[in-house]
>>> print(open('work.pdb').read())   # PDB, C-alpha atoms
ATOM      1  CA  MET A  47       0.000   0.000   0.000
ATOM      2  CA  LYS A  48       2.882   2.356   0.725
ATOM      3  CA  GLU A  49       4.341   1.645  -2.702
ATOM      4  CA  LEU A  50       1.120   3.026  -4.180
ATOM      5  CA  LYS A  51       1.843   6.265  -2.289
ATOM      6  CA  LEU A  52      -1.635   6.419  -0.841
ATOM      7  CA  LYS A  53      -2.492   9.188   1.574
ATOM      8  CA  PRO A  54      -2.430   8.271   5.309
ATOM      9  CA  PRO A  55      -6.255   8.064   5.680
ATOM     10  CA  LEU A  56      -6.257   5.327   3.027
ATOM     11  CA  LEU A  57      -3.618   3.261   4.836
ATOM     12  CA  THR A  58      -5.849   2.443   7.809
ATOM     13  CA  PHE A  59      -7.469  -0.925   8.506
ATOM     14  CA  ARG A  60     -10.902   0.680   8.180
ATOM     15  CA  ALA A  61      -9.992   1.911   4.679
ATOM     16  CA  TRP A  62      -8.769  -1.585   3.787
ATOM     17  CA  ILE A  63     -12.086  -3.095   4.914
ATOM     18  CA  TRP A  64     -13.972  -0.558   2.780
ATOM     19  CA  ALA A  65     -11.813  -1.380  -0.262
ATOM     20  CA  THR A  66     -12.230  -5.118   0.277
ATOM     21  CA  GLY A  67     -15.999  -4.708   0.571
ATOM     22  CA  THR A  68     -16.068  -2.656  -2.618
ATOM     23  CA  ILE A  69     -14.164  -5.309  -4.552
ATOM     24  CA  SER A  70     -16.326  -8.088  -3.129
ATOM     25  CA  SER A  71     -19.696  -6.461  -3.801
ATOM     26  CA  ARG A  72     -19.111  -4.168  -6.788
ATOM     27  CA  THR A  73     -16.535  -5.590  -9.185
ATOM     28  CA  LEU A  74     -17.393  -7.485 -12.361
ATOM     29  CA  HIS A  75     -15.417 -10.324 -13.888
ATOM     30  CA  ILE A  76     -12.935  -9.585 -16.649
ATOM     31  CA  PRO A  77     -10.587 -12.123 -18.255
ATOM     32  CA  TRP A  78      -7.329 -10.198 -17.788
ATOM     33  CA  ASP A  79      -7.471  -9.314 -14.067
ATOM     34  CA  GLU A  80      -8.605 -11.612 -11.262
ATOM     35  CA  ALA A  81      -9.553  -8.622  -9.105
ATOM     36  CA  GLY A  82     -12.272  -7.710 -11.623
ATOM     37  CA  CYS A  83     -13.262  -4.214 -12.664
ATOM     38  CA  LEU A  84     -15.557  -1.429 -11.533
ATOM     39  CA  CYS A  85     -18.239  -0.741 -14.125
ATOM     40  CA  PRO A  86     -20.166   2.543 -13.748
ATOM     41  CA  VAL A  87     -23.950   1.956 -13.963
ATOM     42  CA  GLY A  88     -23.277  -1.784 -14.324
ATOM     43  CA  ASP A  89     -23.235  -2.174 -10.555
ATOM     44  CA  PHE A  90     -26.667  -0.566 -10.161
ATOM     45  CA  PHE A  91     -28.546  -3.793 -10.903
ATOM     46  CA  ASN A  92     -30.195  -5.560  -7.986
ATOM     47  CA  TYR A  93     -29.920  -9.321  -7.758
ATOM     48  CA  ALA A  94     -32.218 -11.967  -9.210
ATOM     49  CA  ALA A  95     -31.362 -15.531  -8.230
ATOM     50  CA  PRO A  96     -31.008 -18.124 -10.992
ATOM     51  CA  THR A  97     -34.092 -20.302 -10.875
ATOM     52  CA  GLU A  98     -32.198 -23.513 -11.549
ATOM     53  CA  ASP A  99     -29.266 -25.003  -9.647
ATOM     54  CA  PRO A 100     -26.613 -26.077 -12.182
ATOM     55  CA  ASP A 101     -25.230 -28.622  -9.674
ATOM     56  CA  SER A 102     -28.537 -30.461  -9.432
ATOM     57  CA  PHE A 103     -28.927 -33.454 -11.718
ATOM     58  CA  GLU A 104     -32.684 -33.340 -11.239
ATOM     59  CA  ASN A 105     -32.829 -29.712 -12.357
ATOM     60  CA  VAL A 106     -30.555 -30.264 -15.360
ATOM     61  CA  GLU A 107     -32.679 -33.171 -16.529
ATOM     62  CA  ASN A 108     -35.934 -31.268 -16.080
ATOM     63  CA  TRP A 109     -34.495 -28.229 -17.833
ATOM     64  CA  GLN A 110     -33.353 -30.331 -20.796
ATOM     65  CA  ASN A 111     -36.693 -32.111 -21.086
ATOM     66  CA  GLU A 112     -38.602 -28.860 -20.952
ATOM     67  CA  HIS A 113     -36.522 -26.973 -23.508
ATOM     68  CA  ALA A 114     -35.056 -29.598 -25.823
ATOM     69  CA  LYS A 115     -37.952 -29.070 -28.239
ATOM     70  CA  ASP A 116     -36.548 -25.712 -29.254
ATOM     71  CA  ASP A 117     -32.767 -25.482 -29.769
ATOM     72  CA  LEU A 118     -32.997 -21.757 -30.437
ATOM     73  CA  ASP A 119     -34.625 -21.088 -27.079
ATOM     74  CA  ILE A 120     -31.924 -23.153 -25.321
ATOM     75  CA  HIS A 121     -29.132 -21.147 -26.919
ATOM     76  CA  HIS A 122     -30.943 -17.901 -26.145
ATOM     77  CA  SER A 123     -31.492 -18.797 -22.473
ATOM     78  CA  GLN A 124     -27.890 -19.866 -21.987
ATOM     79  CA  ARG A 125     -26.608 -16.635 -23.493
ATOM     80  CA  LEU A 126     -28.810 -14.475 -21.305
ATOM     81  CA  THR A 127     -27.667 -16.142 -18.103
ATOM     82  CA  ASP A 128     -24.631 -13.886 -17.685
ATOM     83  CA  GLY A 129     -23.286 -10.519 -18.685
ATOM     84  CA  GLY A 130     -19.648 -10.181 -19.595
ATOM     85  CA  TYR A 131     -16.904  -8.226 -21.258
ATOM     86  CA  GLU A 132     -17.049  -8.598 -25.045
ATOM     87  CA  GLU A 133     -13.832  -7.895 -26.902
ATOM     88  CA  ASP A 134     -15.454  -7.294 -30.295
ATOM     89  CA  VAL A 135     -17.219  -4.194 -28.950
ATOM     90  CA  ALA A 136     -14.687  -3.423 -26.172
ATOM     91  CA  ALA A 137     -17.489  -3.080 -23.647
ATOM     92  CA  TYR A 138     -19.076  -4.863 -20.709
ATOM     93  CA  CYS A 139     -22.441  -6.078 -21.991
ATOM     94  CA  PHE A 140     -25.588  -7.033 -20.098
ATOM     95  CA  TYR A 141     -28.555  -8.910 -21.528
ATOM     96  CA  ALA A 142     -32.110  -8.894 -20.196
ATOM     97  CA  LYS A 143     -33.502 -12.339 -19.402
ATOM     98  CA  LYS A 144     -37.052 -11.259 -20.157
ATOM     99  CA  ASN A 145     -39.069  -8.414 -21.616
ATOM    100  CA  TYR A 146     -39.383  -5.485 -19.195
ATOM    101  CA  ASN A 147     -42.132  -2.887 -19.056
ATOM    102  CA  VAL A 148     -41.388   0.827 -18.803
ATOM    103  CA  GLY A 149     -40.598   1.687 -15.189
ATOM    104  CA  GLU A 150     -40.050  -1.940 -14.162
ATOM    105  CA  GLN A 151     -36.832  -2.743 -12.297
ATOM    106  CA  VAL A 152     -34.233  -4.620 -14.353
ATOM    107  CA  LEU A 153     -32.601  -7.380 -12.318
ATOM    108  CA  LEU A 154     -29.314  -9.156 -12.910
ATOM    109  CA  SER A 155     -28.077 -12.538 -11.774
ATOM    110  CA  TYR A 156     -24.643 -12.291 -10.162
ATOM    111  CA  GLY A 157     -24.434 -16.079 -10.110
ATOM    112  CA  THR A 158     -25.611 -18.956  -7.951
ATOM    113  CA  TYR A 159     -25.317 -18.033  -4.268
ATOM    114  CA  THR A 160     -26.645 -19.393  -1.004
ATOM    115  CA  ASN A 161     -28.033 -16.902   1.499
ATOM    116  CA  LEU A 162     -24.883 -17.111   3.589
ATOM    117  CA  GLU A 163     -22.795 -16.236   0.525
ATOM    118  CA  LEU A 164     -25.127 -13.370  -0.402
ATOM    119  CA  LEU A 165     -24.834 -12.057   3.138
ATOM    120  CA  GLU A 166     -21.046 -12.348   3.145
ATOM    121  CA  TYR A 167     -20.381 -10.824  -0.273
ATOM    122  CA  TYR A 168     -23.291  -8.429  -0.809
ATOM    123  CA  GLY A 169     -24.902  -7.773   2.569
ATOM    124  CA  PHE A 170     -28.458  -8.997   1.909
ATOM    125  CA  LEU A 171     -30.619 -12.121   2.026
ATOM    126  CA  LEU A 172     -33.389 -13.602  -0.099
ATOM    127  CA  GLU A 173     -36.406 -14.943   1.750
ATOM    128  CA  ASP A 174     -37.090 -17.264  -1.180
ATOM    129  CA  ASN A 175     -33.719 -18.352  -2.549
ATOM    130  CA  PRO A 176     -33.929 -21.353  -4.913
ATOM    131  CA  ASN A 177     -30.177 -21.847  -4.554
ATOM    132  CA  GLU A 178     -30.152 -22.065  -0.767
ATOM    133  CA  LYS A 179     -28.147 -24.987   0.625
ATOM    134  CA  VAL A 180     -28.161 -26.196   4.205
ATOM    135  CA  PHE A 181     -25.385 -28.510   5.319
ATOM    136  CA  ILE A 182     -25.729 -30.950   8.205
ATOM    137  CA  PRO A 183     -22.864 -32.737   9.994
ATOM    138  CA  LEU A 184     -21.959 -36.088   8.407
ATOM    139  CA  ASP A 185     -19.818 -38.891   9.772
ATOM    140  CA  LEU A 186     -16.351 -39.336   8.281
ATOM    141  CA  ASP A 187     -17.157 -42.789   6.888
ATOM    142  CA  MET A 188     -20.009 -41.279   4.881
ATOM    143  CA  HIS A 189     -17.577 -38.978   3.117
ATOM    144  CA  SER A 190     -15.067 -41.776   2.526
ATOM    145  CA  LEU A 191     -17.725 -43.962   0.881
ATOM    146  CA  SER A 192     -18.962 -41.193  -1.380
ATOM    147  CA  CYS A 193     -17.342 -39.984  -4.584
ATOM    148  CA  TRP A 194     -19.395 -36.804  -4.397
ATOM    149  CA  PRO A 195     -17.706 -33.547  -3.329
ATOM    150  CA  LYS A 196     -18.676 -32.291   0.125
ATOM    151  CA  GLU A 197     -20.347 -29.170  -1.293
ATOM    152  CA  SER A 198     -22.887 -31.360  -3.116
ATOM    153  CA  LEU A 199     -24.104 -33.030   0.101
ATOM    154  CA  TYR A 200     -26.771 -30.611   1.299
ATOM    155  CA  ILE A 201     -30.477 -29.992   1.850
ATOM    156  CA  HIS A 202     -32.500 -27.916  -0.623
ATOM    157  CA  GLN A 203     -34.537 -24.899   0.457
ATOM    158  CA  ASN A 204     -37.736 -26.986   0.252
ATOM    159  CA  GLY A 205     -36.301 -29.490   2.729
ATOM    160  CA  ARG A 206     -35.411 -32.225   0.253
ATOM    161  CA  PRO A 207     -31.970 -33.830   0.552
ATOM    162  CA  SER A 208     -29.826 -33.274  -2.531
ATOM    163  CA  PHE A 209     -29.345 -35.984  -5.148
ATOM    164  CA  ALA A 210     -25.736 -36.544  -4.036
ATOM    165  CA  LEU A 211     -26.643 -36.661  -0.324
ATOM    166  CA  MET A 212     -29.273 -39.333  -0.931
ATOM    167  CA  CYS A 213     -26.870 -41.359  -3.078
ATOM    168  CA  ALA A 214     -24.175 -41.218  -0.403
ATOM    169  CA  LEU A 215     -26.500 -42.121   2.484
ATOM    170  CA  ARG A 216     -28.183 -44.986   0.604
ATOM    171  CA  LEU A 217     -24.786 -46.517  -0.044
ATOM    172  CA  TRP A 218     -23.663 -45.916   3.560
ATOM    173  CA  ALA A 219     -26.839 -47.598   4.885
ATOM    174  CA  THR A 220     -26.169 -50.689   2.771
ATOM    175  CA  PRO A 221     -24.323 -53.600   4.464
ATOM    176  CA  PRO A 222     -20.616 -53.512   3.437
ATOM    177  CA  ARG A 223     -20.737 -56.932   1.741
ATOM    178  CA  GLN A 224     -23.548 -55.743  -0.565
ATOM    179  CA  ARG A 225     -22.183 -52.329  -1.540
ATOM    180  CA  LYS A 226     -20.186 -53.551  -4.519
ATOM    181  CA  SER A 227     -23.061 -55.466  -6.080
ATOM    182  CA  ILE A 228     -25.752 -52.789  -5.694
ATOM    183  CA  GLY A 229     -23.627 -49.646  -5.561
ATOM    184  CA  HIS A 230     -24.665 -48.795  -9.123
ATOM    185  CA  LEU A 231     -28.253 -48.327  -7.914
ATOM    186  CA  ALA A 232     -27.167 -45.847  -5.258
ATOM    187  CA  TYR A 233     -25.043 -43.826  -7.657
ATOM    188  CA  SER A 234     -27.842 -43.710 -10.231
ATOM    189  CA  GLY A 235     -30.173 -42.171  -7.646
ATOM    190  CA  CYS A 236     -32.457 -45.189  -7.348
ATOM    191  CA  PRO A 237     -33.837 -46.349  -3.974
ATOM    192  CA  ILE A 238     -32.141 -49.610  -2.992
ATOM    193  CA  SER A 239     -35.006 -51.019  -0.935
ATOM    194  CA  LYS A 240     -37.918 -49.877   1.195
ATOM    195  CA  GLY A 241     -36.011 -50.700   4.368
ATOM    196  CA  ASN A 242     -32.925 -48.830   3.193
ATOM    197  CA  GLU A 243     -34.961 -45.766   2.268
ATOM    198  CA  ILE A 244     -36.771 -45.682   5.618
ATOM    199  CA  TYR A 245     -33.470 -46.074   7.484
ATOM    200  CA  VAL A 246     -31.890 -43.187   5.569
ATOM    201  CA  MET A 247     -34.902 -40.915   6.115
ATOM    202  CA  LYS A 248     -34.960 -41.708   9.838
ATOM    203  CA  TRP A 249     -31.239 -40.950  10.093
ATOM    204  CA  ILE A 250     -31.607 -37.578   8.343
ATOM    205  CA  GLY A 251     -34.659 -36.688  10.436
ATOM    206  CA  LYS A 252     -32.899 -37.506  13.730
ATOM    207  CA  LYS A 253     -29.797 -35.584  12.646
ATOM    208  CA  CYS A 254     -31.850 -32.510  11.793
ATOM    209  CA  ASP A 255     -33.858 -32.746  15.013
ATOM    210  CA  ALA A 256     -30.667 -32.959  17.088
ATOM    211  CA  LEU A 257     -29.247 -29.994  15.191
ATOM    212  CA  LEU A 258     -32.249 -27.810  16.033
ATOM    213  CA  LYS A 259     -32.175 -28.817  19.704
ATOM    214  CA  GLU A 260     -28.488 -27.880  19.997
ATOM    215  CA  MET A 261     -29.138 -24.297  18.884
ATOM    216  CA  PRO A 262     -29.504 -21.558  21.542
ATOM    217  CA  THR A 263     -32.828 -20.300  20.144
ATOM    218  CA  SER A 264     -35.841 -21.905  18.482
ATOM    219  CA  VAL A 265     -37.593 -21.013  15.228
ATOM    220  CA  GLU A 266     -40.458 -19.376  17.150
ATOM    221  CA  GLU A 267     -38.066 -17.335  19.297
ATOM    222  CA  ASP A 268     -36.262 -16.083  16.201
ATOM    223  CA  LYS A 269     -39.570 -15.124  14.581
ATOM    224  CA  SER A 270     -40.499 -13.155  17.698
ATOM    225  CA  LEU A 271     -37.119 -11.464  17.689
ATOM    226  CA  VAL A 272     -37.428 -10.388  14.041
ATOM    227  CA  HIS A 273     -40.914  -9.047  14.808
ATOM    228  CA  LEU A 274     -39.551  -7.103  17.774
ATOM    229  CA  ILE A 275     -36.774  -5.608  15.635
ATOM    230  CA  ASP A 276     -39.341  -4.556  13.031
ATOM    231  CA  LYS A 277     -41.337  -2.792  15.755
ATOM    232  CA  MET A 278     -38.378  -0.511  16.425
ATOM    233  CA  VAL A 279     -39.767   2.129  14.023
ATOM    234  CA  GLU A 280     -42.828   2.518  16.267
ATOM    235  CA  TYR A 281     -40.701   3.841  19.116
ATOM    236  CA  GLU A 282     -40.006   7.558  19.306
ATOM    237  CA  ASN A 283     -37.195   6.925  21.762
ATOM    238  CA  LEU A 284     -34.763   4.254  20.582
ATOM    239  CA  ARG A 285     -33.482   3.727  24.110
ATOM    240  CA  GLU A 286     -36.946   2.580  25.202
ATOM    241  CA  TRP A 287     -36.915  -0.047  22.481
ATOM    242  CA  VAL A 288     -33.440  -1.206  23.502
ATOM    243  CA  LYS A 289     -34.622  -1.547  27.124
ATOM    244  CA  GLU A 290     -37.627  -3.668  26.092
ATOM    245  CA  ALA A 291     -35.586  -5.793  23.708
ATOM    246  CA  SER A 292     -32.827  -6.441  26.232
ATOM    247  CA  ALA A 293     -35.390  -7.431  28.871
ATOM    248  CA  VAL A 294     -36.940 -10.048  26.554
ATOM    249  CA  PHE A 295     -33.852 -11.180  24.651
ATOM    250  CA  GLY A 296     -31.003 -10.129  26.921
ATOM    251  CA  GLY A 297     -28.663 -12.869  25.732
ATOM    252  CA  GLU A 298     -28.896 -11.600  22.184
ATOM    253  CA  PHE A 299     -27.084  -8.397  23.052
ATOM    254  CA  GLY A 300     -23.812 -10.241  23.615
ATOM    255  CA  ASP A 301     -21.191  -7.793  24.828
ATOM    256  CA  ASN A 302     -23.818  -5.006  24.874
ATOM    257  CA  ASN A 303     -22.501  -3.232  21.760
ATOM    258  CA  ILE A 304     -26.059  -2.193  20.907
ATOM    259  CA  LEU A 305     -26.632  -0.889  24.421
ATOM    260  CA  LYS A 306     -23.373   1.052  24.292
ATOM    261  CA  ALA A 307     -24.342   2.576  20.951
ATOM    262  CA  ALA A 308     -27.833   3.473  22.154
ATOM    263  CA  TYR A 309     -26.551   5.240  25.239
ATOM    264  CA  GLY A 310     -23.600   6.725  23.427
ATOM    265  CA  VAL A 311     -19.910   6.733  24.096
ATOM    266  CA  GLU A 312     -17.843   9.582  25.353
ATOM    267  CA  GLY A 313     -17.541  12.328  22.736
ATOM    268  CA  ASP A 314     -20.543  11.138  20.644
ATOM    269  CA  ASN A 315     -23.504  13.394  19.979
ATOM    270  CA  GLU A 316     -27.065  12.048  19.934
ATOM    271  CA  LEU A 317     -27.222  11.762  16.137
ATOM    272  CA  THR A 318     -23.995   9.741  16.007
ATOM    273  CA  SER A 319     -25.291   7.354  18.680
ATOM    274  CA  LEU A 320     -28.583   6.955  16.805
ATOM    275  CA  VAL A 321     -26.861   6.186  13.495
ATOM    276  CA  ARG A 322     -24.490   3.697  15.115
ATOM    277  CA  THR A 323     -27.303   1.942  16.976
ATOM    278  CA  LYS A 324     -29.476   1.564  13.879
ATOM    279  CA  MET A 325     -26.502   0.214  11.914
ATOM    280  CA  LEU A 326     -25.838  -2.421  14.592
ATOM    281  CA  ILE A 327     -29.522  -3.356  14.759
ATOM    282  CA  ASP A 328     -29.716  -3.727  10.968
ATOM    283  CA  ARG A 329     -26.743  -6.094  11.058
ATOM    284  CA  TRP A 330     -28.231  -7.958  13.992
ATOM    285  CA  LYS A 331     -31.521  -8.411  12.127
ATOM    286  CA  LEU A 332     -29.705  -9.899   9.112
ATOM    287  CA  ALA A 333     -27.951 -12.389  11.374
ATOM    288  CA  VAL A 334     -31.232 -13.413  13.031
ATOM    289  CA  GLN A 335     -32.975 -13.687   9.654
ATOM    290  CA  TRP A 336     -30.230 -15.918   8.285
ATOM    291  CA  ARG A 337     -30.300 -18.339  11.214
ATOM    292  CA  LEU A 338     -34.111 -18.383  11.075
ATOM    293  CA  MET A 339     -34.001 -19.344   7.390
ATOM    294  CA  TYR A 340     -31.414 -22.033   8.163
ATOM    295  CA  LYS A 341     -33.573 -23.534  10.908
ATOM    296  CA  THR A 342     -36.678 -23.339   8.718
ATOM    297  CA  VAL A 343     -35.018 -25.446   6.028
ATOM    298  CA  VAL A 344     -33.866 -27.972   8.642
ATOM    299  CA  ALA A 345     -37.433 -28.166   9.999
ATOM    300  CA  ARG A 346     -38.776 -28.655   6.463
ATOM    301  CA  CYS A 347     -36.358 -31.525   6.006
ATOM    302  CA  ILE A 348     -37.722 -33.219   9.139
ATOM    303  CA  SER A 349     -41.258 -32.889   7.753
ATOM    304  CA  TYR A 350     -40.163 -34.200   4.358
ATOM    305  CA  CYS A 351     -38.455 -37.237   5.879
ATOM    306  CA  THR A 352     -41.485 -37.947   8.087
ATOM    307  CA  ASP A 353     -43.817 -37.823   5.068
ATOM    308  CA  ILE A 354     -41.613 -40.237   3.103
ATOM    309  CA  ILE A 355     -41.388 -42.645   6.045
ATOM    310  CA  ASN A 356     -45.167 -42.607   6.534
ATOM    311  CA  SER A 357     -45.749 -43.100   2.834
ATOM    312  CA  LEU A 358     -43.382 -46.077   2.608
ATOM    313  CA  SER A 359     -44.725 -47.631   5.795
ATOM    314  CA  THR A 360     -48.252 -47.805   4.392
ATOM    315  CA  GLN A 361     -47.210 -49.483   1.147
TER     316      GLN A 361
END
>>> encode(input="work.pdb", output="structure tokens")
Amino acid sequence: MKELKLKPPLLTFRAWIWATGTISSRTLHIPWDEAGCLCPVGDFFNYAAPTEDPDSFENVENWQNEHAKDDLDIHHSQRLTDGGYEEDVAAYCFYAKKNYNVGEQVLLSYGTYTNLELLEYYGFLLEDNPNEKVFIPLDLDMHSLSCWPKESLYIHQNGRPSFALMCALRLWATPPRQRKSIGHLAYSGCPISKGNEIYVMKWIGKKCDALLKEMPTSVEEDKSLVHLIDKMVEYENLREWVKEASAVFGGEFGDNNILKAAYGVEGDNELTSLVRTKMLIDRWKLAVQWRLMYKTVVARCISYCTDIINSLSTQ
């Protein structure tokens, strides 16, 4: 940084964090520099999540079946998936994925991101994110038996285990002496037997249930907390809201950073304290929303597994 001869204010850690955040959230990919580039106006677009997960075999197959009747439409859809720098026109080009009406917001897909990734890189969440992935702890022998990468072993937003996770667990639940002879069924995504399928679903359900019980707060408590945070705008005095919130959810305030901001620190005026407090509360709300979404997916998975078990048991 000194070699760049930057001014002292730009050599601070705070300035470095700002620069890192700018690169993470604002830059666009270019082929000649891994840091990317800043593109005026190009970074105005808000995010629209891709509706299909490219890592999902089920989605790829459905997409192909739905669109194979029209090769032109397939080529068109693939081209519109991303913007990019085009050398023939020496410009960064964006393409609309659909027809927009006058005054309608134009959205752009930055790529396939989970909510945690969106929060880390861009500072927001999607309540309905088709690319959300929830990971649950797996035993080491499950990973050693599977040829699937760890990032493919997850639970979808709707609570369904991923194709790879089901393949891995079906094989793991098979007696060792039988794995070689019927392994091809597991890897093709086919159920091995009714008993095997019920065993796998029970294992996933118990794992998810244990995961929820280990967490400090429940789904209902998180919902109440988000509601309480939303009520903040109804309070004329922010300190009154902080008092009520800390009385109900005292443990959530951690080292009392929000309390310190609300009551101010030495040298702060009232406006500075108000701005700092609202900033901390906004960040806090995002954290609570993310963990609520995570728990909701885990709870959906329990329901999904229970439905499958009941369905198989009655056959």
>>> closest_atom_pairs(input="work.pdb", of="stretch 130-209 of chain A", to="stretch 331-349 of chain A", cutoff="7 Å", atoms="all atoms listed in the file", output="tab-separated table")
residue	atom	partner	partner_atom	distance
A:Val180	CA	A:Tyr340	CA	6.6
A:Gln203	CA	A:Val343	CA	5.6
A:Asn204	CA	A:Arg346	CA	6.5
A:Gly205	CA	A:Cys347	CA	3.9
A:Arg206	CA	A:Cys347	CA	5.9
>>> atom_distance(input="work.pdb", atom1="atom CA of A:Leu153", atom2="atom CA of A:Pro96")
10.9 Å
>>> atom_distance(input="work.pdb", atom1="atom CA of A:Tyr146", atom2="atom CA of A:Glu132")
23.3 Å
>>> residues_around(input="work.pdb", residues="A:Lys253", least_positions_apart="5", cutoff="12 Å", atoms="all atoms listed in the file", output="list in words")
Phe181, Ile182, Pro183, Leu184, Asp185, Val246, Met247, Lys248, Leu258, Lys259, Glu260, Val344, Ala345, Cys347, Ile348 and Cys351 of chain A
>>> resolve_selection(input="work.pdb", expression="the PyMOL selection byres ((chain A and resi 138-140) around 9)", output="PyMOL selection string")
chain A and resi 74+76+85+88+126+128-133+135-137+141-142+154
>>> atom_distance(input="work.pdb", atom1="atom CA of A:Lys269", atom2="atom CA of A:Asn92")
26.2 Å
>>> residues_around(input="work.pdb", residues="A:Thr73", least_positions_apart="4", cutoff="7 Å", atoms="all atoms listed in the file", output="PyMOL selection string")
chain A and resi 69+82-84
>>> residues_around(input="work.pdb", residues="A:Trp62", least_positions_apart="6", cutoff="10 Å", atoms="all atoms listed in the file", output="PyMOL selection string")
chain A and resi 47+56+68
>>> resolve_selection(input="work.pdb", expression="the PyMOL selection byres ((chain A and resi 173) around 10)", output="list in words")
Asn161, Phe170, Leu171, Leu172, Asp174, Asn175, Pro176, Glu178, Gln335, Trp336 and Met339 of chain A
>>> residues_around(input="work.pdb", residues="A:Ala214", least_positions_apart="4", cutoff="10 Å", atoms="only C-alpha atoms", output="ChimeraX atom specification")
/A:188-194,199,208-210,218-219,229,232-233,235,246
>>> resolve_selection(input="work.pdb", expression="the PyMOL selection byres ((chain A and resi 70) around 12)", output="PDB file with C-alpha atoms, in the frame of the given file")
ATOM      1  CA  ILE A  63     -12.086  -3.095   4.914  1.00  0.00           C
ATOM      2  CA  TRP A  64     -13.972  -0.558   2.780  1.00  0.00           C
ATOM      3  CA  ALA A  65     -11.813  -1.380  -0.262  1.00  0.00           C
ATOM      4  CA  THR A  66     -12.230  -5.118   0.277  1.00  0.00           C
ATOM      5  CA  GLY A  67     -15.999  -4.708   0.571  1.00  0.00           C
ATOM      6  CA  THR A  68     -16.068  -2.656  -2.618  1.00  0.00           C
ATOM      7  CA  ILE A  69     -14.164  -5.309  -4.552  1.00  0.00           C
ATOM      8  CA  SER A  71     -19.696  -6.461  -3.801  1.00  0.00           C
ATOM      9  CA  ARG A  72     -19.111  -4.168  -6.788  1.00  0.00           C
ATOM     10  CA  THR A  73     -16.535  -5.590  -9.185  1.00  0.00           C
ATOM     11  CA  LEU A  74     -17.393  -7.485 -12.361  1.00  0.00           C
ATOM     12  CA  HIS A  75     -15.417 -10.324 -13.888  1.00  0.00           C
ATOM     13  CA  GLU A  80      -8.605 -11.612 -11.262  1.00  0.00           C
ATOM     14  CA  ALA A  81      -9.553  -8.622  -9.105  1.00  0.00           C
ATOM     15  CA  GLY A  82     -12.272  -7.710 -11.623  1.00  0.00           C
ATOM     16  CA  CYS A  83     -13.262  -4.214 -12.664  1.00  0.00           C
ATOM     17  CA  LEU A  84     -15.557  -1.429 -11.533  1.00  0.00           C
ATOM     18  CA  ASP A  89     -23.235  -2.174 -10.555  1.00  0.00           C
ATOM     19  CA  TYR A 156     -24.643 -12.291 -10.162  1.00  0.00           C
ATOM     20  CA  GLU A 163     -22.795 -16.236   0.525  1.00  0.00           C
ATOM     21  CA  LEU A 164     -25.127 -13.370  -0.402  1.00  0.00           C
ATOM     22  CA  LEU A 165     -24.834 -12.057   3.138  1.00  0.00           C
ATOM     23  CA  GLU A 166     -21.046 -12.348   3.145  1.00  0.00           C
ATOM     24  CA  TYR A 167     -20.381 -10.824  -0.273  1.00  0.00           C
ATOM     25  CA  TYR A 168     -23.291  -8.429  -0.809  1.00  0.00           C
ATOM     26  CA  GLY A 169     -24.902  -7.773   2.569  1.00  0.00           C
TER      27      GLY A 169
END
>>> closest_residue(input="work.pdb", among="A:Asp276, A:Lys252, A:Lys51, A:Glu290", to="A:Asp328", atoms="only C-alpha atoms")
A:Asp276
>>> closest_residue(input="work.pdb", among="A:Ser357, A:Thr160, A:Ser239, A:Gln224", to="A:Glu197", atoms="only C-alpha atoms")
A:Thr160
